[in-house]
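The structure appears below as structure tokens.
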Amino acid sequence: MVRSFYHWYVKETLSNHRPLEDRKEMRRSVSERLLREIDHIVQGPDGLDGDYFLDAQDFDESWANHITVSTPELKGDRGNTIVSLKGTQMSRKLQIALVREKSGWKIDKVTGQ
């Protein structure tokens, strides 16, 4: 799920689309709690500084072809994994917190490392 989400998300971002606005697609992979939190941040006085899911203000076009996801560590209804975005200009490593909701595992928090 995480790998599919990041492939979709990075390609949408590179195509100058706004993946956060595609709520149907976002709800497939992102927890309702996190979507509410992002909405709260966006509407706040400082707004969203950079891209939440990439933990970056800029991105590298080669990320679309260089996404790796570690084997998730799951415990009960929580888990975590690492997403690596390798690029020619810059790379990102992201800690992904997961939560199990009724419809399956979802991304619940993204933290840059």
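Chain lettering (A, B, ...) mirrors the order of the structure tokens, residue numbering begins at 1 for each chain separately, and ligand numbering begins at 1 in order of display.
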
query: Skipping near chain neighbours, those fewer than 3 positions away, what residues fall within 10 Å of stretch 92-108 of chain A using only C-alpha atoms, listed as a PyMOL selection string?
result: chain A and resi 1-2+5+26-35+37+53-56+59-60+63+67-70+72-87+111-113

query: If you count only C-alpha atoms, which residues fall within 8 Å of A:Leu48, apart from same-chain ones fewer than 5 positions away, as a list in words?
result: Ile38, Ile41 and Val42 of chain A

- request: Find the residues near A:Pro19: any atom within 10 Å, counting only C-alpha atoms, skip ones fewer than 6 places away on the same chain, and give them as a PyMOL selection string.
  value: chain A and resi 8-13+25-26

- request: Give the alpha helix (DSSP H) residues of chain A, as DSSP finds them on the backbone, and put them as JSON, numbers by chain.
  value: {"A": [2, 3, 4, 5, 6, 7, 8, 9, 10, 11, 12, 13, 14, 23, 24, 25, 26, 27, 28, 29, 32, 33, 34, 35, 36, 37, 38, 39, 40, 41, 42, 43]}

task: Kindly give the distance, in Å, that separates atom CA of A:Gly44 and atom CA of A:Asp22, rounded to a single decimal.
output: 20.5 Å

message: Write out as JSON, numbers by chain the set of residues from chain A that DSSP, computed on the backbone, places in strand (DSSP E or B).
response: {"A": [30, 51, 56, 67, 68, 69, 73, 74, 75, 78, 79, 80, 81, 82, 83, 84, 85, 92, 93, 94, 95, 96, 97, 98, 99, 100, 101, 104, 105, 106, 107, 108, 109, 110, 111, 112]}

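Pairwise distance (atom CA of A:Leu14, atom CA of A:Val110) equals 19.4 Å.
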
field: Best match for closeness to A:Thr88 among A:His40, A:His66, A:Arg3, A:Arg18, counting only C-alpha atoms
entry: A:His66

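Shortest separation to A:Asp58 among A:Ser15, A:Thr71, A:Gln89, A:Ser4 occurs at residue A:Gln89, atoms counted being only C-alpha atoms.
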
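Of note, atom CA of A:Leu20 and atom CA of A:Met90 are spaced 22.7 Å apart.
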